[in-house]
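Colleague: Provided herewith: query-v4.txt, compact mmCIF, C-alpha atoms.
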# COMPACT_ATOMS: atom_id res chain seq x y z
CA MET A 1009 -19.49 -40.61 -14.39
CA SER A 1010 -16.82 -39.13 -16.69
CA CYS A 1011 -13.61 -41.01 -17.48
CA ARG A 1012 -11.67 -38.48 -15.38
CA LYS A 1013 -13.77 -39.48 -12.34
CA TRP A 1014 -13.15 -43.15 -13.06
CA GLN A 1015 -9.42 -42.47 -12.82
CA ILE A 1016 -9.80 -41.69 -9.13
CA GLN A 1017 -11.63 -45.01 -8.75
CA ILE A 1018 -8.78 -46.77 -10.59
CA TYR A 1019 -6.31 -45.14 -8.18
CA ARG A 1020 -8.41 -46.33 -5.21
CA LEU A 1021 -8.62 -49.82 -6.69
CA HIS A 1022 -4.82 -50.01 -6.90
CA GLU A 1023 -4.56 -48.74 -3.34
CA GLY A 1024 -7.08 -51.35 -2.19
CA GLU A 1025 -9.39 -48.64 -0.91
CA LEU A 1026 -12.52 -49.40 -2.93
CA ASP A 1027 -15.52 -50.99 -1.30
CA ARG A 1028 -17.02 -54.04 -2.99
CA GLU A 1029 -19.89 -52.16 -4.62
CA SER A 1030 -17.65 -49.44 -6.15
CA GLU A 1031 -15.18 -52.06 -7.28
CA ALA A 1032 -17.88 -53.98 -9.11
CA ALA A 1033 -19.05 -50.77 -10.81
CA LEU A 1034 -15.50 -49.91 -11.86
CA LEU A 1035 -14.80 -53.37 -13.26
CA GLN A 1036 -18.00 -53.18 -15.23
CA HIS A 1037 -16.91 -49.82 -16.66
CA LEU A 1038 -13.44 -51.12 -17.48
CA GLY A 1039 -15.09 -53.93 -19.43
CA THR A 1040 -16.72 -51.42 -21.74
CA CYS A 1041 -14.24 -48.45 -21.83
CA ALA A 1042 -10.95 -49.14 -23.63
CA SER A 1043 -9.52 -45.75 -22.65
CA CYS A 1044 -10.02 -46.36 -18.90
CA ARG A 1045 -8.73 -49.93 -19.27
CA ALA A 1046 -5.54 -48.53 -20.84
CA ASP A 1047 -5.26 -45.97 -18.03
CA ALA A 1048 -5.61 -48.72 -15.43
CA GLU A 1049 -2.74 -50.62 -17.05
CA ARG A 1050 -0.56 -47.50 -17.38
CA PHE A 1051 -1.19 -46.52 -13.76
CA SER A 1052 -0.02 -49.96 -12.62
CA GLN A 1053 3.03 -49.52 -14.81
CA ILE A 1054 3.93 -46.16 -13.25
CA ASP A 1055 3.51 -47.70 -9.77
CA ARG A 1056 6.06 -50.36 -10.69
CA VAL A 1057 8.44 -47.78 -12.21
CA LEU A 1058 8.32 -45.63 -9.07
CA GLN A 1059 9.23 -48.64 -6.97
CA ARG A 1060 12.31 -49.26 -9.13
CA VAL A 1061 14.07 -46.15 -7.90
CA PRO A 1062 16.62 -47.24 -5.28
CA GLU A 1063 16.40 -45.73 -1.81
CA PRO A 1064 18.97 -42.95 -1.38
CA SER A 1065 21.29 -43.54 1.55
CA MET A 1066 22.14 -40.82 4.01
CA PRO A 1067 25.82 -39.76 4.23
CA PRO A 1068 27.34 -41.30 7.39
CA PHE A 1069 28.54 -37.97 8.82
CA LEU A 1070 25.17 -36.23 8.55
CA ALA A 1071 23.59 -37.50 11.78
CA GLU A 1072 26.56 -36.28 13.84
CA ARG A 1073 26.60 -32.95 12.01
CA ILE A 1074 22.90 -32.45 12.85
CA VAL A 1075 23.36 -33.41 16.51
CA THR A 1076 26.37 -31.08 16.89
CA ARG A 1077 24.57 -28.11 15.35
CA VAL A 1078 21.36 -28.54 17.36
CA ILE A 1079 23.25 -29.08 20.64
CA GLU A 1080 25.16 -25.85 19.91
CA GLN A 1081 21.80 -24.10 19.58
CA ILE A 1082 20.40 -25.69 22.76
CA ARG A 1083 23.43 -24.54 24.79
CA GLU A 1084 23.34 -21.05 23.29
CA ASP A 1085 19.65 -20.73 24.19
CA SER A 1086 20.31 -22.10 27.67
CA ALA A 1087 23.06 -19.51 28.32
CA GLN A 1088 20.82 -16.72 27.09
CA SER A 1089 17.92 -17.79 29.24
CA THR A 1090 20.22 -17.87 32.31
CA LEU A 1091 21.21 -14.25 31.62
CA ARG A 1092 17.59 -13.33 31.03
CA ARG A 1093 16.58 -14.93 34.35
CA PHE A 1094 19.34 -13.03 36.17
CA PHE A 1095 18.42 -9.63 34.76
CA GLY A 1096 14.76 -10.47 34.92
CA SER A 1097 15.02 -10.61 38.72
CA PHE A 1098 15.64 -6.85 38.67
CA ALA A 1099 12.43 -6.19 36.84
CA TYR A 1100 10.59 -5.00 39.96
CA PHE A 1101 13.25 -2.35 40.61
CA ARG A 1102 13.07 -0.81 37.15
CA PRO A 1103 10.61 2.00 38.06
CA ALA A 1104 12.69 2.87 41.13
CA VAL A 1105 15.90 2.98 39.06
CA ALA A 1106 14.23 5.12 36.40
CA GLY A 1107 12.90 7.49 39.08
CA THR A 1108 16.34 7.81 40.71
CA ILE A 1109 17.97 8.59 37.36
CA LEU A 1110 15.30 11.22 36.67
CA ILE A 1111 15.73 12.88 40.08
CA LEU A 1112 19.53 12.85 39.72
CA GLY A 1113 19.22 14.43 36.29
CA ILE A 1114 16.93 17.18 37.53
CA GLY A 1115 19.18 17.77 40.57
CA LEU A 1116 22.25 18.08 38.37
CA GLY A 1117 20.43 20.47 36.10
CA VAL A 1118 19.36 22.68 39.00
CA LEU A 1119 22.88 22.72 40.51
CA THR A 1120 24.44 23.66 37.19
CA GLY A 1121 21.90 26.41 36.71
CA LEU A 1122 22.63 27.82 40.18
CA ASN A 1123 26.33 27.85 39.42
CA LEU A 1124 25.94 29.72 36.16
CA SER A 1125 23.33 32.32 37.09
CA PRO A 1126 25.51 34.58 39.42
CA SER A 1127 28.16 35.07 36.74
CA ILE A 1128 25.55 36.45 34.39
CA ASN A 1129 23.43 38.31 36.91
CA THR A 1130 26.35 40.24 38.53
CA ARG A 1131 27.16 41.98 35.24
CA SER A 1132 25.08 45.11 34.93
CA ALA A 1133 24.25 45.66 31.36
CA GLY A 1134 24.82 49.22 30.17
CA SER A 1135 22.05 51.10 28.52
CA SER A 1136 23.74 51.50 25.13
CA TYR A 1137 26.35 48.65 25.04
CA ASP A 1138 24.36 45.61 26.16
CA VAL A 1139 26.11 43.23 23.85
CA LEU A 1140 29.57 44.53 24.65
CA THR A 1141 28.89 44.39 28.35
CA LEU A 1142 27.73 40.83 28.29
CA ALA A 1143 30.72 39.93 26.13
CA GLY A 1144 32.99 41.30 28.88
CA ILE A 1145 34.23 44.38 27.00
CA GLU A 1146 33.22 47.30 29.13
CA GLY A 1147 34.19 50.96 28.92
CA GLY A 1148 37.74 51.40 27.60
CA GLY A 1149 38.00 48.00 25.93
CA SER A 1150 38.81 48.11 22.27
CA ASP A 1151 35.84 47.09 20.19
CA SER A 1152 38.01 46.27 17.18
CA SER A 1153 37.69 42.58 18.02
CA LEU A 1154 34.00 42.94 17.45
CA ASP A 1155 34.38 44.27 13.96
CA PHE A 1156 32.77 41.17 12.58
CA ILE A 1157 29.52 42.28 14.17
CA TRP A 1158 29.53 45.55 12.32
CA THR A 1159 31.06 44.46 9.04
CA ASP A 1160 28.55 43.90 6.32
CA ALA A 1161 28.80 41.42 3.53
CA ASP A 1162 30.52 43.90 1.18
CA GLY A 1163 33.28 44.54 3.71
CA GLY A 1164 31.93 48.00 4.55
CA GLY A 1165 32.21 49.27 8.12
CA ARG A 1166 29.57 50.83 10.31
CA MET B 794 24.01 -45.04 28.90
CA ALA B 795 21.01 -46.25 30.92
CA ARG B 796 19.34 -42.93 30.27
CA GLN B 797 19.92 -43.34 26.53
CA ALA B 798 18.35 -46.82 26.70
CA THR B 799 15.32 -45.39 28.48
CA MET B 800 15.06 -42.69 25.82
CA ASN B 801 15.15 -45.31 23.07
CA ALA B 802 12.01 -46.85 24.49
CA GLN B 803 10.14 -43.55 24.60
CA SER B 804 7.58 -42.44 22.05
CA ASP B 805 8.32 -39.65 19.58
CA GLU B 806 5.74 -37.50 21.34
CA ASP B 807 7.57 -37.81 24.68
CA LEU B 808 10.93 -37.23 23.02
CA ILE B 809 9.82 -34.05 21.30
CA GLN B 810 8.60 -32.66 24.62
CA ALA B 811 11.95 -33.55 26.20
CA LEU B 812 13.74 -31.87 23.30
CA GLY B 813 11.70 -28.72 23.93
CA ASN B 814 13.27 -28.68 27.40
CA GLY B 815 16.74 -28.94 25.87
CA ASP B 816 17.28 -32.67 26.41
CA GLU B 817 20.28 -33.65 24.26
CA ASN B 818 19.67 -37.39 24.62
CA ALA B 819 16.16 -36.97 23.27
CA LEU B 820 17.67 -35.16 20.30
CA ARG B 821 20.07 -38.03 19.59
CA VAL B 822 17.27 -40.60 19.61
CA LEU B 823 15.09 -38.46 17.32
CA VAL B 824 17.99 -38.01 14.90
CA ASP B 825 18.63 -41.76 14.91
CA ARG B 826 14.98 -42.49 14.22
CA HIS B 827 14.07 -39.88 11.64
CA SER B 828 17.10 -38.31 9.94
CA ALA B 829 17.24 -40.95 7.19
CA ALA B 830 13.58 -40.43 6.23
CA ILE B 831 14.01 -36.66 6.29
CA TYR B 832 17.11 -36.89 4.12
CA ARG B 833 15.35 -39.30 1.73
CA PHE B 834 12.42 -36.92 1.35
CA SER B 835 14.59 -33.87 0.80
CA ILE B 836 16.91 -35.46 -1.75
CA ARG B 837 13.93 -36.81 -3.70
CA PHE B 838 12.31 -33.40 -3.45
CA THR B 839 15.35 -31.36 -4.55
CA GLY B 840 17.72 -33.80 -6.26
CA ASP B 841 20.68 -32.04 -4.63
CA GLU B 842 22.82 -33.77 -1.98
CA SER B 843 24.22 -30.61 -0.35
CA LEU B 844 20.83 -28.98 -0.20
CA ALA B 845 19.24 -32.16 1.18
CA GLN B 846 21.84 -32.21 3.99
CA ASP B 847 21.12 -28.57 4.82
CA ILE B 848 17.40 -29.29 4.83
CA ALA B 849 17.83 -32.25 7.20
CA GLN B 850 19.84 -30.07 9.61
CA GLU B 851 17.39 -27.19 9.41
CA VAL B 852 14.46 -29.55 10.04
CA PHE B 853 15.97 -30.63 13.37
CA LEU B 854 16.68 -27.02 14.34
CA ARG B 855 13.04 -26.19 13.62
CA LEU B 856 11.88 -29.28 15.52
CA TYR B 857 13.81 -28.06 18.55
CA ARG B 858 12.55 -24.46 18.21
CA HIS B 859 8.92 -25.50 17.73
CA ALA B 860 8.97 -28.48 20.10
CA ARG B 861 6.95 -26.65 22.73
CA ARG B 862 4.22 -26.00 20.16
CA PHE B 863 3.71 -29.72 19.59
CA VAL B 864 0.22 -30.57 20.76
CA PRO B 865 0.11 -33.94 22.58
CA GLY B 866 -2.30 -36.25 20.80
CA THR B 867 -1.26 -34.98 17.36
CA LEU B 868 0.29 -37.57 15.07
CA PHE B 869 4.04 -36.98 15.26
CA LYS B 870 4.73 -38.23 11.73
CA THR B 871 2.25 -35.76 10.25
CA TRP B 872 3.76 -32.90 12.26
CA LEU B 873 7.30 -33.94 11.30
CA PHE B 874 6.60 -34.14 7.57
CA THR B 875 4.77 -30.81 7.64
CA ILE B 876 8.00 -29.26 8.92
CA VAL B 877 10.08 -31.27 6.42
CA ARG B 878 7.93 -30.11 3.51
CA ASN B 879 7.93 -26.44 4.57
CA THR B 880 11.69 -26.47 5.17
CA SER B 881 12.32 -28.12 1.79
CA ILE B 882 10.23 -25.48 0.03
CA ASP B 883 11.92 -22.59 1.91
CA LEU B 884 15.49 -23.77 1.44
CA ALA B 885 15.01 -24.91 -2.15
CA ARG B 886 13.64 -21.48 -2.99
CA SER B 887 16.57 -19.58 -1.43
CA TYR B 888 19.05 -22.09 -2.87
CA THR B 889 17.66 -21.62 -6.38
CA TYR B 890 17.98 -17.89 -5.88
CA ARG B 891 21.59 -18.17 -4.66
CA LYS B 892 22.45 -20.52 -7.48
CA ALA B 893 20.96 -18.21 -10.09
CA TYR B 894 22.66 -15.07 -8.86
CA SER B 895 26.06 -16.24 -7.68
CA LEU B 896 29.13 -17.84 -9.13
CA ASP B 897 30.19 -19.67 -6.01
CA GLU B 898 31.49 -23.22 -5.95
CA TYR B 899 27.99 -24.59 -5.38
CA SER B 900 26.85 -23.69 -8.86
CA GLN B 901 29.99 -25.05 -10.46
CA GLU B 902 30.01 -28.36 -8.62
CA PRO B 903 29.69 -31.20 -11.11
CA GLU B 904 26.72 -33.51 -10.77
CA ARG B 905 27.60 -36.55 -8.69
CA THR B 906 26.41 -39.99 -9.62
CA PRO B 907 25.74 -42.65 -6.97
CA PRO B 908 28.59 -45.11 -6.37
CA LEU B 909 28.45 -48.26 -8.47
CA ASP B 910 28.02 -51.54 -6.67
CA ALA B 911 29.44 -54.87 -7.78
CA ASP B 912 26.98 -56.13 -10.37
CA PRO B 913 27.77 -59.06 -12.63
CA ASP B 914 26.09 -57.46 -15.65
CA PRO B 915 27.42 -53.93 -16.35
CA GLU B 916 24.94 -53.24 -19.16
CA GLU B 917 21.94 -54.20 -17.05
CA ARG B 918 23.35 -52.14 -14.19
CA TYR B 919 23.81 -49.13 -16.46
CA LEU B 920 20.29 -49.43 -17.84
CA SER B 921 18.70 -49.73 -14.42
CA GLU B 922 20.71 -46.80 -13.02
CA GLU B 923 19.92 -44.73 -16.05
CA SER B 924 16.20 -45.41 -15.76
CA ALA B 925 16.22 -44.84 -11.99
CA HIS B 926 17.89 -41.50 -12.57
CA ARG B 927 15.30 -40.58 -15.19
CA VAL B 928 12.45 -41.50 -12.87
CA ALA B 929 14.00 -39.46 -10.04
CA GLN B 930 14.38 -36.48 -12.36
CA ALA B 931 10.81 -36.84 -13.59
CA VAL B 932 9.55 -36.82 -9.98
CA GLN B 933 11.62 -33.70 -9.25
CA SER B 934 10.17 -31.90 -12.24
CA LEU B 935 6.58 -32.35 -11.01
CA PRO B 936 4.81 -29.31 -9.53
CA GLU B 937 5.54 -29.01 -5.80
CA LYS B 938 2.21 -30.39 -4.52
CA GLN B 939 2.23 -33.39 -6.86
CA ARG B 940 5.88 -34.07 -6.00
CA THR B 941 5.21 -33.96 -2.26
CA ALA B 942 2.20 -36.26 -2.61
CA VAL B 943 4.11 -38.78 -4.75
CA ILE B 944 7.15 -38.90 -2.43
CA LEU B 945 5.04 -39.27 0.69
CA ARG B 946 2.71 -41.88 -0.82
CA TYR B 947 5.04 -44.06 -2.89
CA TYR B 948 8.35 -43.70 -1.03
CA GLU B 949 7.40 -42.96 2.57
CA GLY B 950 4.27 -45.09 2.51
CA LEU B 951 1.91 -42.54 4.05
CA SER B 952 -1.82 -42.82 3.46
CA ALA B 953 -3.82 -40.23 1.52
CA ARG B 954 -5.39 -39.18 4.83
CA GLU B 955 -1.96 -38.58 6.44
CA ILE B 956 -0.76 -36.68 3.35
CA ALA B 957 -3.91 -34.55 3.48
CA GLY B 958 -3.03 -33.69 7.09
CA ILE B 959 0.49 -32.67 6.09
CA MET B 960 -0.61 -30.63 3.10
CA ARG B 961 -3.60 -29.13 4.94
CA SER B 962 -5.87 -30.48 2.26
CA THR B 963 -8.62 -33.05 1.81
CA VAL B 964 -8.27 -36.76 1.02
CA ALA B 965 -10.08 -36.22 -2.29
CA SER B 966 -7.65 -33.44 -3.27
CA VAL B 967 -4.66 -35.65 -2.48
CA GLU B 968 -6.11 -38.50 -4.54
CA SER B 969 -6.67 -36.09 -7.39
CA LEU B 970 -3.09 -34.80 -7.06
CA LEU B 971 -1.74 -38.35 -7.20
CA VAL B 972 -3.75 -39.19 -10.32
CA ARG B 973 -2.53 -36.01 -12.03
CA ALA B 974 1.03 -36.79 -10.93
CA LYS B 975 0.78 -40.26 -12.47
CA ARG B 976 -0.46 -38.82 -15.74
CA SER B 977 2.38 -36.28 -15.76
CA LEU B 978 4.95 -38.99 -15.01
CA LEU B 979 3.58 -41.15 -17.82
CA LYS B 980 4.12 -38.23 -20.21
CA LEU B 981 7.54 -37.28 -18.85
CA LEU B 982 8.81 -40.86 -18.99
CA GLU B 983 7.11 -41.49 -22.32
CA LEU B 984 5.53 -44.70 -21.12
Using the file provided, produce a representation of the structure as structure tokens.
Modeller:
Amino acid sequence: MSCRKWQIQIYRLHEGELDRESEAALLQHLGTCASCRADAERFSQIDRVLQRVPEPSMPPFLAERIVTRVIEQIREDSAQSTLRRFFGSFAYFRPAVAGTILILGIGLGVLTGLNLSPSINTRSAGSSYDVLTLAGIEGGGSDSSLDFIWTDADGGGR
Amino acid sequence: MARQATMNAQSDEDLIQALGNGDENALRVLVDRHSAAIYRFSIRFTGDESLAQDIAQEVFLRLYRHARRFVPGTLFKTWLFTIVRNTSIDLARSYTYRKAYSLDEYSQEPERTPPLDADPDPEERYLSEESAHRVAQAVQSLPEKQRTAVILRYYEGLSAREIAGIMRSTVASVESLLVRAKRSLLKLLEL
């Protein structure tokens, strides 16, 4: 067994976790190995040093601060779950509501379409002035307002 | 009042289940029982009072949020310190980041020393406080796993088996960590 392995046994000896047989083997090794004997002494020393550090005391206000913050969270969660329960009870109606909204939307679309179509269909588009007719400028109307249609990028006319 | 007394007699396992159902009295009893140990761990782990207070608060918030995940029959102390360790790591990491990249009051706060008590021998008192401070600093400078193992073993009195449960490791690994920690401390403290 290497000295590094013996160090684990020294730790166990200090913790009182070695069985009698392992303890005897370790003590025998310590009798012959000065390095491990020194480690055993230094490990005891560090145990004592660690115990010298005083226990830090908790600030007196901390417990109340913790309780206040967690209770705040508990109440917030409780309020949210009440709302969730309330709206959750409508869960079964969701498909029906979605269906109604869809039908209403389609209905509105159809009605709007019916309203618009006569105003377009009653205008009879002329054979040569389709655009002008649909724009509401028929026959004698001045087409000067439609110059933009005929004006090219260089400002030239038709 | 009677309810509080009944709560005081209950086990941690029962209290954590009650806390999961939003029981405020259960919370108070758990804070009374465990906040000091949580604070002790976190201040030894980080060496910063403000951060240790934040960690203690966050631990109880996490206890409440995860209370329903507590499996009856599990050792409460192991479960608690697993949360304490994880919270300490998480908050210490974000705190270090904040401290490094901000100029807020936190980073400029002077280091506070513990209050002096009435001791007949000022020199002896100074020496012992000085050495205690050095030991605490040496522990804080250990790698995270060694630090956790040392704090839990030597200050909270947990067994290697319990520490292995908290660190999701084996007893042999924890023993090895403790031996390495001792060697590091010997070097750091020049003993």
Colleague: Residues of chain B that have any atom at most 7 Å from an atom of chain A: could you tabulate them with the shortest-distance atom pair and the distance in Å to one decimal, using only C-alpha atoms, ordered by chain and increasing number, as a Markdown table?
Modeller:
| residue | atom | partner | partner_atom | distance |
| --- | --- | --- | --- | --- |
| B:Gly815 | CA | A:Ile1082 | CA | 5.8 |
| B:Glu817 | CA | A:Ile1079 | CA | 6.5 |
| B:Arg821 | CA | A:Val1075 | CA | 6.5 |
| B:Val824 | CA | A:Ala1071 | CA | 6.4 |
| B:Ser828 | CA | A:Ala1071 | CA | 6.8 |
| B:Ala829 | CA | A:Met1066 | CA | 5.8 |
| B:Tyr832 | CA | A:Met1066 | CA | 6.4 |
| B:Arg833 | CA | A:Pro1064 | CA | 6.0 |
| B:Gln846 | CA | A:Leu1070 | CA | 6.9 |
| B:Gln850 | CA | A:Ile1074 | CA | 5.1 |
| B:Leu854 | CA | A:Val1078 | CA | 5.8 |
| B:Ala925 | CA | A:Val1061 | CA | 4.8 |
| B:Val928 | CA | A:Leu1058 | CA | 7.0 |
| B:Glu968 | CA | A:Ile1016 | CA | 6.7 |
| B:Ser969 | CA | A:Ile1016 | CA | 6.6 |
| B:Val972 | CA | A:Ile1016 | CA | 6.7 |
| B:Lys975 | CA | A:Phe1051 | CA | 6.7 |
| B:Leu979 | CA | A:Ile1054 | CA | 6.8 |
Colleague: As AutoDock Vina command-line options, please report the centre and edge lengths, rounded to one decimal in Å, of the axis-aligned box that holds all listed atoms of stretch 1100-1119 of chain A with 4 Å of padding on each of the six sides.
Modeller:
--center_x 16.7 --center_y 8.9 --center_z 38.6 --size_x 20.3 --size_y 35.7 --size_z 13.0
Colleague: Between atom CA of A:Leu1116 and atom CA of A:Tyr1100, what is the distance in Å, rounded to a tenth?
Modeller: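 Value for the atom CA of A:Leu1116-atom CA of A:Tyr1100 distance: 25.9 Å.
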Colleague: Could you check how far atom CA of B:Phe863 sits from atom CA of B:Gln803, in Å to one decimal?
Modeller: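 About the pair atom CA of B:Phe863 and atom CA of B:Gln803: they are 16.1 Å apart.
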Colleague: How far is it from atom CA of A:Glu1084 to atom CA of B:Ala811, in Å with one decimal?
Modeller: 17.2 Å
Colleague: Using all atoms listed in the file, find the one residue out of B:Ser977, B:Thr867, B:Asn818, B:Ser966 that sits nearest to B:Ala931.
Modeller: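 The answer is B:Ser977, which sits nearest to B:Ala931.
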Colleague: Would you please work out which residue, of B:Met800, B:Ala965, B:Leu945, B:Leu820, is nearest to B:Val877 when using only C-alpha atoms?
Modeller: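 Of B:Met800, B:Ala965, B:Leu945, B:Leu820, the one nearest B:Val877 is B:Leu945, counting only C-alpha atoms.
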